[in-house]
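As stored in entry28.cif (mmCIF, C-alpha atoms (C1' of nucleotides)):
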data_query
#
loop_
_atom_site.group_PDB
_atom_site.id
_atom_site.type_symbol
_atom_site.label_atom_id
_atom_site.label_comp_id
_atom_site.auth_asym_id
_atom_site.auth_seq_id
_atom_site.Cartn_x
_atom_site.Cartn_y
_atom_site.Cartn_z
ATOM 1 C CA MET A 1 -11.536 8.832 11.602
ATOM 2 C CA PRO A 2 -10.635 5.502 10.239
ATOM 3 C CA GLU A 3 -9.043 3.295 12.857
ATOM 4 C CA LEU A 4 -10.533 0.012 14.018
ATOM 5 C CA PRO A 5 -13.595 1.474 15.789
ATOM 6 C CA ASP A 6 -14.417 3.773 12.894
ATOM 7 C CA VAL A 7 -14.146 1.005 10.334
ATOM 8 C CA GLU A 8 -16.253 -1.267 12.541
ATOM 9 C CA VAL A 9 -18.921 1.437 12.557
ATOM 10 C CA PHE A 10 -18.664 1.698 8.748
ATOM 11 C CA LYS A 11 -19.144 -2.058 8.580
ATOM 12 C CA GLN A 12 -22.266 -1.948 10.714
ATOM 13 C CA TYR A 13 -23.509 1.013 8.694
ATOM 14 C CA VAL A 14 -23.119 -0.817 5.397
ATOM 15 C CA GLU A 15 -24.728 -3.932 6.878
ATOM 16 C CA SER A 16 -27.787 -1.940 7.863
ATOM 17 C CA THR A 17 -28.076 -0.014 4.609
ATOM 18 C CA ALA A 18 -26.460 -1.463 1.508
ATOM 19 C CA LEU A 19 -26.777 -5.265 1.660
ATOM 20 C CA HIS A 20 -29.072 -7.310 -0.607
ATOM 21 C CA LYS A 21 -29.649 -4.536 -3.109
ATOM 22 C CA LYS A 22 -28.857 -4.893 -6.769
ATOM 23 C CA MET A 23 -26.053 -2.670 -7.993
ATOM 24 C CA ASP A 24 -27.005 -1.137 -11.318
ATOM 25 C CA ALA A 25 -23.920 0.926 -11.967
ATOM 26 C CA VAL A 26 -20.522 1.638 -10.465
ATOM 27 C CA GLU A 27 -18.674 4.863 -11.193
ATOM 28 C CA ILE A 28 -14.961 5.149 -10.502
ATOM 29 C CA ARG A 29 -14.351 8.806 -9.728
ATOM 30 C CA SER A 30 -10.647 8.543 -8.894
ATOM 31 C CA LYS A 31 -8.798 5.901 -10.808
ATOM 32 C CA ASP A 32 -5.622 6.555 -8.855
ATOM 33 C CA MET A 33 -7.198 5.036 -5.752
ATOM 34 C CA LEU A 34 -7.489 1.606 -7.326
ATOM 35 C CA LYS A 35 -4.714 -0.759 -6.293
ATOM 36 C CA ASN A 36 -3.807 -3.880 -8.272
ATOM 37 C CA VAL A 37 -7.151 -3.700 -10.059
ATOM 38 C CA SER A 38 -8.696 -1.940 -13.043
ATOM 39 C CA GLY A 39 -11.911 0.038 -13.117
ATOM 40 C CA ARG A 40 -13.255 -2.495 -15.565
ATOM 41 C CA GLU A 41 -12.631 -5.341 -13.136
ATOM 42 C CA ILE A 42 -14.368 -3.471 -10.315
ATOM 43 C CA LYS A 43 -17.393 -2.795 -12.485
ATOM 44 C CA LYS A 44 -17.507 -6.369 -13.673
ATOM 45 C CA ALA A 45 -17.329 -7.681 -10.111
ATOM 46 C CA LEU A 46 -20.076 -5.414 -8.803
ATOM 47 C CA GLU A 47 -22.537 -4.381 -11.510
ATOM 48 C CA GLY A 48 -25.592 -6.613 -11.607
ATOM 49 C CA HIS A 49 -24.641 -8.150 -8.270
ATOM 50 C CA GLN A 50 -25.362 -7.364 -4.628
ATOM 51 C CA PHE A 51 -23.466 -7.260 -1.362
ATOM 52 C CA VAL A 52 -24.430 -10.120 0.937
ATOM 53 C CA SER A 53 -22.160 -9.576 3.946
ATOM 54 C CA ALA A 54 -19.392 -7.426 5.382
ATOM 55 C CA ASP A 55 -16.218 -8.148 7.294
ATOM 56 C CA ARG A 56 -13.350 -6.178 8.772
ATOM 57 C CA HIS A 57 -9.707 -6.830 9.519
ATOM 58 C CA GLY A 58 -7.882 -4.017 11.277
ATOM 59 C CA LYS A 59 -8.621 -0.895 9.274
ATOM 60 C CA TYR A 60 -9.787 -2.731 6.151
ATOM 61 C CA LEU A 61 -13.445 -3.206 5.242
ATOM 62 C CA PHE A 62 -14.540 -6.124 3.051
ATOM 63 C CA LEU A 63 -17.886 -6.273 1.265
ATOM 64 C CA LYS A 64 -18.829 -9.671 -0.128
ATOM 65 C CA THR A 65 -20.902 -10.110 -3.246
ATOM 66 C CA GLU A 66 -22.936 -13.219 -3.932
ATOM 67 C CA ASN A 67 -20.456 -14.163 -6.652
ATOM 68 C CA THR A 68 -17.663 -14.729 -4.065
ATOM 69 C CA THR A 69 -15.641 -11.607 -4.861
ATOM 70 C CA TRP A 70 -15.099 -9.044 -2.114
ATOM 71 C CA LEU A 71 -14.750 -5.303 -2.529
ATOM 72 C CA VAL A 72 -11.927 -4.085 -0.273
ATOM 73 C CA LEU A 73 -11.901 -0.547 1.097
ATOM 74 C CA HIS A 74 -9.205 1.160 3.121
ATOM 75 C CA PHE A 75 -9.900 4.667 4.381
ATOM 76 C CA GLY A 76 -6.498 6.283 4.767
ATOM 77 C CA MET A 77 -6.771 9.284 7.063
ATOM 78 C CA THR A 78 -9.897 10.856 5.643
ATOM 79 C CA GLY A 79 -12.129 8.154 4.209
ATOM 80 C CA PHE A 80 -15.737 7.234 4.976
ATOM 81 C CA VAL A 81 -18.784 5.684 3.335
ATOM 82 C CA THR A 82 -22.247 7.148 3.070
ATOM 83 C CA TYR A 83 -25.572 5.806 1.827
ATOM 84 C CA PHE A 84 -28.016 8.318 0.412
ATOM 85 C CA LYS A 85 -30.833 8.835 -2.047
ATOM 86 C CA ASP A 86 -30.775 12.502 -3.028
ATOM 87 C CA PRO A 87 -27.988 13.006 -5.628
ATOM 88 C CA THR A 88 -27.245 16.446 -4.167
ATOM 89 C CA LYS A 89 -26.118 14.654 -0.977
ATOM 90 C CA GLU A 90 -23.136 13.193 -2.763
ATOM 91 C CA PRO A 91 -20.051 13.979 -0.663
ATOM 92 C CA ALA A 92 -17.391 16.395 -1.870
ATOM 93 C CA HIS A 93 -14.524 13.945 -2.456
ATOM 94 C CA ASN A 94 -16.389 10.958 -3.739
ATOM 95 C CA ARG A 95 -13.997 8.395 -5.244
ATOM 96 C CA LEU A 96 -16.422 5.527 -5.875
ATOM 97 C CA LEU A 97 -20.155 5.695 -6.414
ATOM 98 C CA ILE A 98 -22.445 2.683 -6.446
ATOM 99 C CA ARG A 99 -25.976 3.116 -7.776
ATOM 100 C CA PHE A 100 -28.501 0.625 -6.437
ATOM 101 C CA SER A 101 -31.679 -0.329 -8.252
ATOM 102 C CA ASN A 102 -33.751 1.099 -5.395
ATOM 103 C CA GLY A 103 -32.566 4.602 -6.273
ATOM 104 C CA TYR A 104 -30.080 4.858 -3.415
ATOM 105 C CA HIS A 105 -26.299 5.278 -3.636
ATOM 106 C CA LEU A 106 -23.260 4.209 -1.669
ATOM 107 C CA ALA A 107 -20.337 6.613 -1.891
ATOM 108 C CA TYR A 108 -16.758 6.053 -0.777
ATOM 109 C CA ASP A 109 -15.319 9.471 -0.022
ATOM 110 C CA CYS A 110 -11.602 9.994 0.588
ATOM 111 C CA GLN A 111 -10.359 13.548 0.512
ATOM 112 C CA ARG A 112 -6.624 12.909 0.746
ATOM 113 C CA LYS A 113 -6.613 9.797 -1.417
ATOM 114 C CA LEU A 114 -4.493 7.915 1.085
ATOM 115 C CA GLY A 115 -6.985 5.072 1.106
ATOM 116 C CA GLU A 116 -7.356 2.227 -1.316
ATOM 117 C CA ILE A 117 -9.954 0.385 -3.370
ATOM 118 C CA THR A 118 -9.362 -3.178 -4.539
ATOM 119 C CA LEU A 119 -10.851 -6.665 -4.838
ATOM 120 C CA THR A 120 -10.073 -9.995 -3.217
ATOM 121 C CA GLU A 121 -11.359 -13.528 -3.338
ATOM 122 C CA ASP A 122 -10.435 -14.142 0.289
ATOM 123 C CA PRO A 123 -10.057 -11.553 3.072
ATOM 124 C CA GLY A 124 -7.952 -13.940 5.157
ATOM 125 C CA LEU A 125 -5.502 -14.370 2.315
ATOM 126 C CA PHE A 126 -5.564 -10.644 1.657
ATOM 127 C CA ALA A 127 -4.598 -9.953 5.293
ATOM 128 C CA GLU A 128 -1.766 -12.451 4.975
ATOM 129 C CA GLU A 129 -0.459 -10.922 1.766
ATOM 130 C CA ARG A 130 -0.489 -7.482 3.350
ATOM 131 C CA GLN A 131 1.261 -8.949 6.385
ATOM 132 C CA LEU A 132 -1.394 -7.687 8.757
ATOM 133 C CA GLY A 133 -1.195 -8.845 12.337
ATOM 134 C CA LEU A 134 -4.133 -10.226 14.251
ATOM 135 C CA ASP A 135 -7.089 -7.913 14.599
ATOM 136 C CA ALA A 136 -7.031 -6.265 18.021
ATOM 137 C CA LEU A 137 -10.603 -7.368 18.810
ATOM 138 C CA LYS A 138 -10.794 -10.746 17.163
ATOM 139 C CA PRO A 139 -10.180 -14.226 18.561
ATOM 140 C CA GLY A 140 -6.553 -15.306 18.521
ATOM 141 C CA PHE A 141 -5.289 -12.028 19.869
ATOM 142 C CA ASN A 142 -4.553 -12.580 23.550
ATOM 143 C CA LEU A 143 -2.299 -11.405 26.368
ATOM 144 C CA ASP A 144 0.469 -13.942 25.644
ATOM 145 C CA ARG A 145 0.576 -12.858 22.043
ATOM 146 C CA PHE A 146 0.615 -9.209 23.040
ATOM 147 C CA LYS A 147 3.412 -9.771 25.549
ATOM 148 C CA HIS A 148 5.453 -11.617 22.949
ATOM 149 C CA ILE A 149 5.078 -8.737 20.504
ATOM 150 C CA LEU A 150 6.117 -6.059 22.991
ATOM 151 C CA LYS A 151 9.060 -8.027 24.384
ATOM 152 C CA ASN A 152 10.467 -8.543 20.906
ATOM 153 C CA THR A 153 10.557 -5.084 19.422
ATOM 154 C CA ALA A 154 13.054 -2.279 19.952
ATOM 155 C CA SER A 155 10.564 0.497 19.218
ATOM 156 C CA ALA A 156 8.612 2.838 21.477
ATOM 157 C CA VAL A 157 5.409 1.316 22.788
ATOM 158 C CA LYS A 158 3.269 3.782 20.822
ATOM 159 C CA SER A 159 4.938 2.753 17.573
ATOM 160 C CA ALA A 160 4.504 -0.922 18.458
ATOM 161 C CA LEU A 161 0.798 -0.458 19.139
ATOM 162 C CA MET A 162 0.394 1.274 15.787
ATOM 163 C CA ASN A 163 2.402 -1.253 13.789
ATOM 164 C CA GLN A 164 -0.183 -3.072 11.660
ATOM 165 C CA LYS A 165 2.161 -6.034 11.250
ATOM 166 C CA TYR A 166 2.009 -6.623 14.987
ATOM 167 C CA ILE A 167 -1.603 -5.745 15.733
ATOM 168 C CA ALA A 168 -4.141 -4.653 13.138
ATOM 169 C CA GLY A 169 -6.484 -1.776 13.854
ATOM 170 C CA ILE A 170 -4.846 0.649 16.281
ATOM 171 C CA GLY A 171 -3.761 4.040 14.891
ATOM 172 C CA ASN A 172 -2.549 7.371 16.197
ATOM 173 C CA ILE A 173 -5.647 8.459 18.115
ATOM 174 C CA TYR A 174 -6.468 5.194 19.805
ATOM 175 C CA SER A 175 -2.868 4.412 20.688
ATOM 176 C CA ASP A 176 -2.825 7.725 22.592
ATOM 177 C CA GLU A 177 -6.064 6.812 24.321
ATOM 178 C CA ILE A 178 -4.920 3.314 25.297
ATOM 179 C CA LEU A 179 -1.615 4.647 26.648
ATOM 180 C CA PHE A 180 -3.390 7.327 28.656
ATOM 181 C CA GLN A 181 -5.870 4.868 30.170
ATOM 182 C CA ALA A 182 -3.023 2.502 31.044
ATOM 183 C CA GLY A 183 -0.906 5.331 32.480
ATOM 184 C CA ILE A 184 2.073 4.666 30.234
ATOM 185 C CA HIS A 185 4.254 7.212 28.451
ATOM 186 C CA PRO A 186 4.185 6.855 24.635
ATOM 187 C CA ASP A 187 7.991 6.907 24.345
ATOM 188 C CA THR A 188 8.531 4.016 26.748
ATOM 189 C CA LYS A 189 10.481 1.265 25.043
ATOM 190 C CA SER A 190 8.230 -1.765 24.619
ATOM 191 C CA LYS A 191 10.935 -4.053 25.983
ATOM 192 C CA GLU A 192 11.136 -2.138 29.239
ATOM 193 C CA LEU A 193 7.502 -2.693 30.159
ATOM 194 C CA ASN A 194 6.882 -5.111 33.025
ATOM 195 C CA ASP A 195 4.161 -7.754 33.062
ATOM 196 C CA ASP A 196 1.764 -5.589 35.022
ATOM 197 C CA GLU A 197 2.101 -2.695 32.585
ATOM 198 C CA ILE A 198 1.656 -4.999 29.621
ATOM 199 C CA ALA A 199 -1.492 -6.453 31.168
ATOM 200 C CA ARG A 200 -2.839 -2.959 31.775
ATOM 201 C CA LEU A 201 -2.179 -2.015 28.158
ATOM 202 C CA TYR A 202 -3.780 -5.185 26.899
ATOM 203 C CA ASN A 203 -6.915 -4.691 28.982
ATOM 204 C CA GLN A 204 -7.172 -1.020 28.065
ATOM 205 C CA ALA A 205 -6.731 -1.772 24.367
ATOM 206 C CA GLU A 206 -9.792 -3.972 24.503
ATOM 207 C CA SER A 207 -11.941 -1.697 26.622
ATOM 208 C CA VAL A 208 -11.009 1.510 24.793
ATOM 209 C CA LEU A 209 -11.739 0.036 21.369
ATOM 210 C CA LYS A 210 -15.008 -1.504 22.546
ATOM 211 C CA ALA A 211 -16.122 1.693 24.265
ATOM 212 C CA ALA A 212 -15.374 3.664 21.099
ATOM 213 C CA ILE A 213 -17.472 1.287 18.988
ATOM 214 C CA GLU A 214 -20.214 1.496 21.597
ATOM 215 C CA ALA A 215 -20.128 5.274 21.157
ATOM 216 C CA HIS A 216 -20.308 4.832 17.373
ATOM 217 C CA ALA A 217 -16.767 6.209 17.129
ATOM 218 C CA ASP A 218 -18.290 9.619 17.753
ATOM 219 C CA PRO A 219 -16.011 11.681 20.042
ATOM 220 C CA SER A 220 -18.959 13.626 21.424
ATOM 221 C CA ARG A 221 -20.336 10.354 22.789
ATOM 222 C CA PHE A 222 -17.097 9.012 24.238
ATOM 223 C CA PRO A 223 -16.810 8.182 27.946
ATOM 224 C CA ALA A 224 -15.960 11.248 30.011
ATOM 225 C CA SER A 225 -12.681 9.616 31.067
ATOM 226 C CA PHE A 226 -11.297 9.693 27.512
ATOM 227 C CA ILE A 227 -8.387 12.040 26.870
ATOM 228 C CA MET A 228 -9.091 12.206 23.150
ATOM 229 C CA PRO A 229 -11.628 15.070 23.125
ATOM 230 C CA HIS A 230 -9.150 17.126 25.182
ATOM 231 C CA ARG A 231 -6.113 16.753 22.910
ATOM 232 C CA ARG A 232 -6.998 20.045 21.337
ATOM 233 C CA GLY A 233 -9.000 22.786 22.916
ATOM 234 C CA ASP A 234 -8.627 22.919 26.681
ATOM 235 C CA ARG A 235 -5.619 20.515 26.713
ATOM 236 C CA THR A 236 -6.497 19.570 30.300
ATOM 237 C CA CYS A 237 -6.108 16.125 31.826
ATOM 238 C CA LEU A 238 -9.325 15.143 33.600
ATOM 239 C CA LYS A 239 -7.529 12.892 36.049
ATOM 240 C CA CYS A 240 -5.055 15.396 37.503
ATOM 241 C CA LYS A 241 -6.253 18.717 36.046
ATOM 242 C CA GLY A 242 -2.766 19.288 34.683
ATOM 243 C CA GLY A 243 -1.850 20.204 31.134
ATOM 244 C CA ILE A 244 -1.712 17.742 28.257
ATOM 245 C CA GLU A 245 1.616 17.694 26.435
ATOM 246 C CA LYS A 246 2.393 17.026 22.814
ATOM 247 C CA THR A 247 5.420 15.171 21.556
ATOM 248 C CA LYS A 248 6.515 13.260 18.469
ATOM 249 C CA THR A 249 6.808 9.502 18.558
ATOM 250 C CA GLY A 250 7.725 7.546 15.474
ATOM 251 C CA GLY A 251 7.014 10.567 13.319
ATOM 252 C CA ARG A 252 3.468 10.966 14.637
ATOM 253 C CA SER A 253 2.153 13.507 17.099
ATOM 254 C CA ALA A 254 1.404 12.009 20.502
ATOM 255 C CA TYR A 255 -0.688 13.693 23.176
ATOM 256 C CA TYR A 256 -0.263 12.577 26.773
ATOM 257 C CA CYS A 257 -0.363 13.697 30.390
ATOM 258 C CA PRO A 258 3.182 13.891 31.824
ATOM 259 C CA ARG A 259 1.920 13.351 35.413
ATOM 260 C CA CYS A 260 -0.425 10.432 34.741
ATOM 261 C CA GLN A 261 1.909 8.853 32.176
ATOM 262 C CA GLU A 262 5.368 9.157 33.691
ATOM 263 C CA ARG A 263 8.323 8.187 31.592
ATOM 264 C CA ILE A 264 9.931 5.060 32.985
ATOM 265 C "C1'" DA B 1 16.185 -8.038 9.627
ATOM 266 C "C1'" DC B 2 14.431 -4.433 11.865
ATOM 267 C "C1'" DA B 3 13.464 0.465 13.049
ATOM 268 C "C1'" DT B 4 13.064 5.156 11.440
ATOM 269 C "C1'" DT B 5 12.339 8.794 7.979
ATOM 270 C "C1'" DG B 6 10.398 10.898 3.949
ATOM 271 C "C1'" DA B 7 7.103 10.783 0.287
ATOM 272 C "C1'" DC B 8 2.572 10.372 -1.229
ATOM 273 C "C1'" DC B 9 -2.183 13.502 -1.644
ATOM 274 C "C1'" DT B 10 -5.436 17.277 -0.528
ATOM 275 C "C1'" DG B 11 -7.503 20.749 2.242
ATOM 276 C "C1'" DA B 12 -8.335 23.374 6.645
ATOM 277 C "C1'" DG B 13 -6.802 26.571 9.775
ATOM 278 C "C1'" DA B 14 -3.320 29.668 11.869
ATOM 279 C "C1'" DG B 15 -0.481 33.554 11.406
ATOM 280 C "C1'" DC B 16 1.151 37.486 8.906
ATOM 281 C "C1'" DT C 1 -8.543 39.412 1.728
ATOM 282 C "C1'" DG C 2 -4.834 36.663 0.276
ATOM 283 C "C1'" DC C 3 -0.719 34.517 0.933
ATOM 284 C "C1'" DT C 4 2.322 31.110 3.249
ATOM 285 C "C1'" DC C 5 3.139 27.620 6.457
ATOM 286 C "C1'" DT C 6 1.912 23.715 9.323
ATOM 287 C "C1'" DC C 7 -0.657 20.005 10.303
ATOM 288 C "C1'" DA C 8 -3.820 16.060 9.638
ATOM 289 C "C1'" DG C 9 -7.081 9.516 13.012
ATOM 290 C "C1'" DG C 10 -2.278 5.984 7.127
ATOM 291 C "C1'" DT C 11 1.016 3.329 4.691
ATOM 292 C "C1'" DC C 12 4.878 2.285 1.730
ATOM 293 C "C1'" DA C 13 9.614 2.607 -0.171
ATOM 294 C "C1'" DA C 14 13.994 4.046 0.836
ATOM 295 C "C1'" DT C 15 17.472 4.557 4.256
ATOM 296 C "C1'" DG C 16 20.315 3.657 8.382
#
Structure translated into structure tokens:
Amino acid sequence: MPELPDVEVFKQYVESTALHKKMDAVEIRSKDMLKNVSGREIKKALEGHQFVSADRHGKYLFLKTENTTWLVLHFGMTGFVTYFKDPTKEPAHNRLLIRFSNGYHLAYDCQRKLGEITLTEDPGLFAEERQLGLDALKPGFNLDRFKHILKNTASAVKSALMNQKYIAGIGNIYSDEILFQAGIHPDTKSKELNDDEIARLYNQAESVLKAAIEAHADPSRFPASFIMPHRRGDRTCLKCKGGIEKTKTGGRSAYYCPRCQERI
DNA sequence: ACATTGACCTGAGAGC
DNA sequence: TGCTCTCAGGTCAATG
């Protein structure tokens, strides 16, 4: 779930549910998910306060309290947030539970514990410290920047797209989708791409991510042209009706259509 | 300095 | 059914 579009949807979800409500109690369910922070510090930063706004950089979600501290959430491969009233609705792998004074709860669930919970005083500084590149959908990220990145790395284009130091937000699923829409093979060396191919990738990165957000990052609502819902199951490319292949690129599984995404 | 690999953690699903 | 094996939408430290 949690690549840029998913986290953007989480952000919008929190904005529409959990802002401006007093937090009565915070329960840390998995201490091992806290990074550079103690449970006591988290509780102190949140209890008695309220969230007033949310922000996102790449795959990180930031929730600001009125006392200037931000709660930082990263979702690993399996994380999500959910807002609910009925205590029996608490998700199975809840790692952080916030009880609001209105009787509702916000849970951060992360089955595989590959995510992270921490605090920051400044999301911009946090992104710098973590050496995150520019967010793929935020101002500052442009074609020139993108071209510069791709021309200056020795890695496969899929790996470059997924490298959070270069561009923040794109992961395994959406890199496959962007490459498919641009008609480029995942193993193509970034350096070997020509200007036209780079422009296609750049434009597709933007439209794929935006379309996914539009569809609430819900695969069942994705545009029919997306390859993603066909990675498993029928494994059929909608463009050419041929079979979708699977390979390994940079240690991650990559799905692609060998006819529509010819290796250069 | 940069790119690639393995480790981290847990559970679901496939195959026997 | 129960066991084993593989894989999973991420990142970091160790390695080349």
Using the chain letters and numbers from the file, give me the residues hit by the PyMOL selection byres ((chain A) within 6 of (chain C)), as a PyMOL selection string.
-> chain A and resi 1+76-77+172-173
Using the chain letters and numbers from the file, which residues does the PyMOL selection byres ((chain A) within 9 of (chain B)) grab, as JSON, numbers by chain?
-> {"A": [111, 112, 113, 114, 153, 154, 155, 250, 251]}
Pull C-alpha atoms from the residues just selected and write them as a compact mmCIF listing (two decimals), in the frame of the given file.
# COMPACT_ATOMS: atom_id res chain seq x y z
CA GLN A 111 -10.36 13.55 0.51
CA ARG A 112 -6.62 12.91 0.75
CA LYS A 113 -6.61 9.80 -1.42
CA LEU A 114 -4.49 7.92 1.08
CA THR A 153 10.56 -5.08 19.42
CA ALA A 154 13.05 -2.28 19.95
CA SER A 155 10.56 0.50 19.22
CA GLY A 250 7.72 7.55 15.47
CA GLY A 251 7.01 10.57 13.32
Selected by the PyMOL selection byres ((chain A and resi 213) around 8) in the shown coordinates: which residues, as a tab-separated table (two decimals) with C-alpha atoms, in the coordinates of the input?
chain	number	residue	atom	x	y	z
A	5	PRO	CA	-13.60	1.47	15.79
A	6	ASP	CA	-14.42	3.77	12.89
A	8	GLU	CA	-16.25	-1.27	12.54
A	9	VAL	CA	-18.92	1.44	12.56
A	209	LEU	CA	-11.74	0.04	21.37
A	210	LYS	CA	-15.01	-1.50	22.55
A	211	ALA	CA	-16.12	1.69	24.26
A	212	ALA	CA	-15.37	3.66	21.10
A	214	GLU	CA	-20.21	1.50	21.60
A	215	ALA	CA	-20.13	5.27	21.16
A	216	HIS	CA	-20.31	4.83	17.37
A	217	ALA	CA	-16.77	6.21	17.13
What's the 6 Å shell around stretch 49-58 of chain A, counting only C-alpha atoms (C1' of nucleotides), without same-chain residues fewer than 5 positions away, as a ChimeraX atom specification?
-> /A:4,19-23,63-66,135,168-169
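Between A:Cys240 and the residues A:Ile184, A:Ala224, A:Val14, A:Cys260, the shortest atom-to-atom distance, using only C-alpha atoms, involves A:Cys260.
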What is the distance between atom CA of A:Ile98 and atom CA of A:Leu46, in Å to one decimal?
->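 Separation of atom CA of A:Ile98 and atom CA of A:Leu46: 8.8 Å.
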Distance in Å - atom CA of A:Arg40 versus atom CA of A:Glu27 |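 Atom-to-atom, atom CA of A:Arg40 to atom CA of A:Glu27, that is 10.1 Å.
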Give, as JSON, the centre coordinates and the x, y and z edge lengths in Å to one decimal for an axis-aligned box around all listed atoms of chain B, padded by 3 Å on each side.
{"center_x": 3.9, "center_y": 14.7, "center_z": 5.7, "size_x": 30.5, "size_y": 51.5, "size_z": 20.7}
Residues within 7 Å of A:Gly133, all atoms listed in the file, excluding chain neighbours under 3 positions, as a ChimeraX atom specification | /A:164-168
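Coordinates place atom CA of A:Gly171 at a distance of 24.5 Å from atom CA of A:Asn36.
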Can you pull out every residue within 10 Å of stretch 229-233 of chain A, counting all atoms listed in the file, but drop anything in the same chain fewer than 2 positions away, and send it as a list in words?
-> Ile173, Asp176, Pro219, Ser220, Arg221, Phe222, Pro223, Ala224, Ser225, Phe226, Ile227, Arg235, Thr236, Cys237, Leu238, Gly243, Ile244, Glu245, Lys246, Ala254, Tyr255, Tyr256 and Cys257 of chain A
Would you kindly return, as an MDAnalysis selection string, each protein, DNA or RNA residue with an atom no farther than 8 Å from any atom of A:Val72, considering only C-alpha atoms (C1' of nucleotides) and excluding same-chain residues fewer than 3 positions away?
-> chainID A and resid 60:63 116:120
For N, CA and C atoms (P, O5', C5', C4', C3', O3' and C1' of nucleotides), please extract stretch 3-16 of chain B from the block and return it as a short mmCIF file (atom, residue, chain, number, x, y, z; two decimals), in the first residue's frame.
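Written file, result-v4.cif:
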data_model
loop_
_atom_site.label_atom_id
_atom_site.label_comp_id
_atom_site.auth_asym_id
_atom_site.auth_seq_id
_atom_site.Cartn_x
_atom_site.Cartn_y
_atom_site.Cartn_z
P DA B 3 24.76 5.36 -8.12
"O5'" DA B 3 24.93 3.78 -8.05
"C5'" DA B 3 25.72 3.14 -9.02
"C4'" DA B 3 25.74 1.65 -8.73
"C3'" DA B 3 24.36 1.02 -8.63
"O3'" DA B 3 24.39 -0.22 -9.33
"C1'" DA B 3 25.55 0.64 -6.62
P DT B 4 23.12 -1.13 -9.45
"O5'" DT B 4 23.38 -2.29 -8.38
"C5'" DT B 4 24.56 -3.08 -8.49
"C4'" DT B 4 24.63 -4.03 -7.31
"C3'" DT B 4 23.37 -4.88 -7.08
"O3'" DT B 4 23.79 -6.23 -7.01
"C1'" DT B 4 24.05 -3.84 -5.07
P DT B 5 22.78 -7.43 -6.85
"O5'" DT B 5 22.92 -7.81 -5.31
"C5'" DT B 5 24.17 -8.30 -4.82
"C4'" DT B 5 24.05 -8.52 -3.32
"C3'" DT B 5 22.86 -9.39 -2.90
"O3'" DT B 5 23.37 -10.50 -2.18
"C1'" DT B 5 22.93 -7.39 -1.62
P DG B 6 22.47 -11.61 -1.55
"O5'" DG B 6 22.34 -11.16 -0.02
"C5'" DG B 6 23.50 -11.00 0.77
"C4'" DG B 6 23.10 -10.56 2.16
"C3'" DG B 6 22.02 -11.42 2.80
"O3'" DG B 6 22.37 -11.61 4.17
"C1'" DG B 6 21.27 -9.17 2.68
P DA B 7 21.46 -12.51 5.11
"O5'" DA B 7 20.86 -11.41 6.10
"C5'" DA B 7 21.75 -10.52 6.77
"C4'" DA B 7 20.94 -9.52 7.56
"C3'" DA B 7 19.80 -10.15 8.36
"O3'" DA B 7 19.83 -9.68 9.69
"C1'" DA B 7 18.97 -8.41 6.97
P DC B 8 18.94 -10.42 10.81
"O5'" DC B 8 17.71 -9.40 10.95
"C5'" DC B 8 17.96 -8.05 11.35
"C4'" DC B 8 16.73 -7.23 11.06
"C3'" DC B 8 15.43 -7.85 11.58
"O3'" DC B 8 15.03 -7.19 12.77
"C1'" DC B 8 15.19 -6.80 9.44
P DC B 9 14.30 -8.14 13.88
"O5'" DC B 9 12.83 -8.25 13.30
"C5'" DC B 9 11.93 -7.17 13.47
"C4'" DC B 9 10.65 -7.49 12.75
"C3'" DC B 9 10.03 -8.83 13.15
"O3'" DC B 9 8.93 -8.57 14.01
"C1'" DC B 9 9.88 -8.40 10.80
P DT B 10 8.25 -9.84 14.76
"O5'" DT B 10 7.10 -10.22 13.73
"C5'" DT B 10 6.07 -9.30 13.46
"C4'" DT B 10 5.24 -9.80 12.31
"C3'" DT B 10 4.60 -11.15 12.54
"O3'" DT B 10 3.21 -10.92 12.73
"C1'" DT B 10 5.46 -10.92 10.32
P DG B 11 2.20 -12.13 13.00
"O5'" DG B 11 1.68 -12.47 11.54
"C5'" DG B 11 1.09 -11.42 10.80
"C4'" DG B 11 0.82 -11.88 9.40
"C3'" DG B 11 -0.03 -13.15 9.29
"O3'" DG B 11 -1.02 -12.88 8.34
"C1'" DG B 11 1.91 -13.36 7.98
P DA B 12 -2.31 -13.79 8.23
"O5'" DA B 12 -2.36 -14.01 6.65
"C5'" DA B 12 -2.12 -12.89 5.80
"C4'" DA B 12 -1.89 -13.40 4.39
"C3'" DA B 12 -2.81 -14.54 4.00
"O3'" DA B 12 -3.25 -14.32 2.68
"C1'" DA B 12 -0.55 -15.22 3.80
P DG B 13 -4.39 -15.25 2.04
"O5'" DG B 13 -3.57 -16.17 1.04
"C5'" DG B 13 -2.74 -15.56 0.07
"C4'" DG B 13 -1.86 -16.61 -0.56
"C3'" DG B 13 -2.63 -17.88 -0.96
"O3'" DG B 13 -2.33 -18.15 -2.32
"C1'" DG B 13 -0.73 -18.43 0.34
P DA B 14 -2.97 -19.43 -3.09
"O5'" DA B 14 -1.65 -20.27 -3.46
"C5'" DA B 14 -0.51 -19.58 -3.99
"C4'" DA B 14 0.63 -20.57 -4.11
"C3'" DA B 14 0.21 -21.91 -4.70
"O3'" DA B 14 1.19 -22.35 -5.62
"C1'" DA B 14 1.13 -22.23 -2.53
P DG B 15 0.94 -23.67 -6.51
"O5'" DG B 15 1.75 -24.77 -5.69
"C5'" DG B 15 3.14 -24.59 -5.45
"C4'" DG B 15 3.64 -25.75 -4.61
"C3'" DG B 15 3.12 -27.11 -5.07
"O3'" DG B 15 4.21 -28.02 -5.12
"C1'" DG B 15 2.66 -26.81 -2.78
P DC B 16 3.99 -29.54 -5.67
"O5'" DC B 16 4.20 -30.42 -4.35
"C5'" DC B 16 5.40 -30.26 -3.58
"C4'" DC B 16 5.23 -30.99 -2.26
"C3'" DC B 16 4.75 -32.43 -2.41
"O3'" DC B 16 5.64 -33.31 -1.75
"C1'" DC B 16 3.46 -31.25 -0.79
#
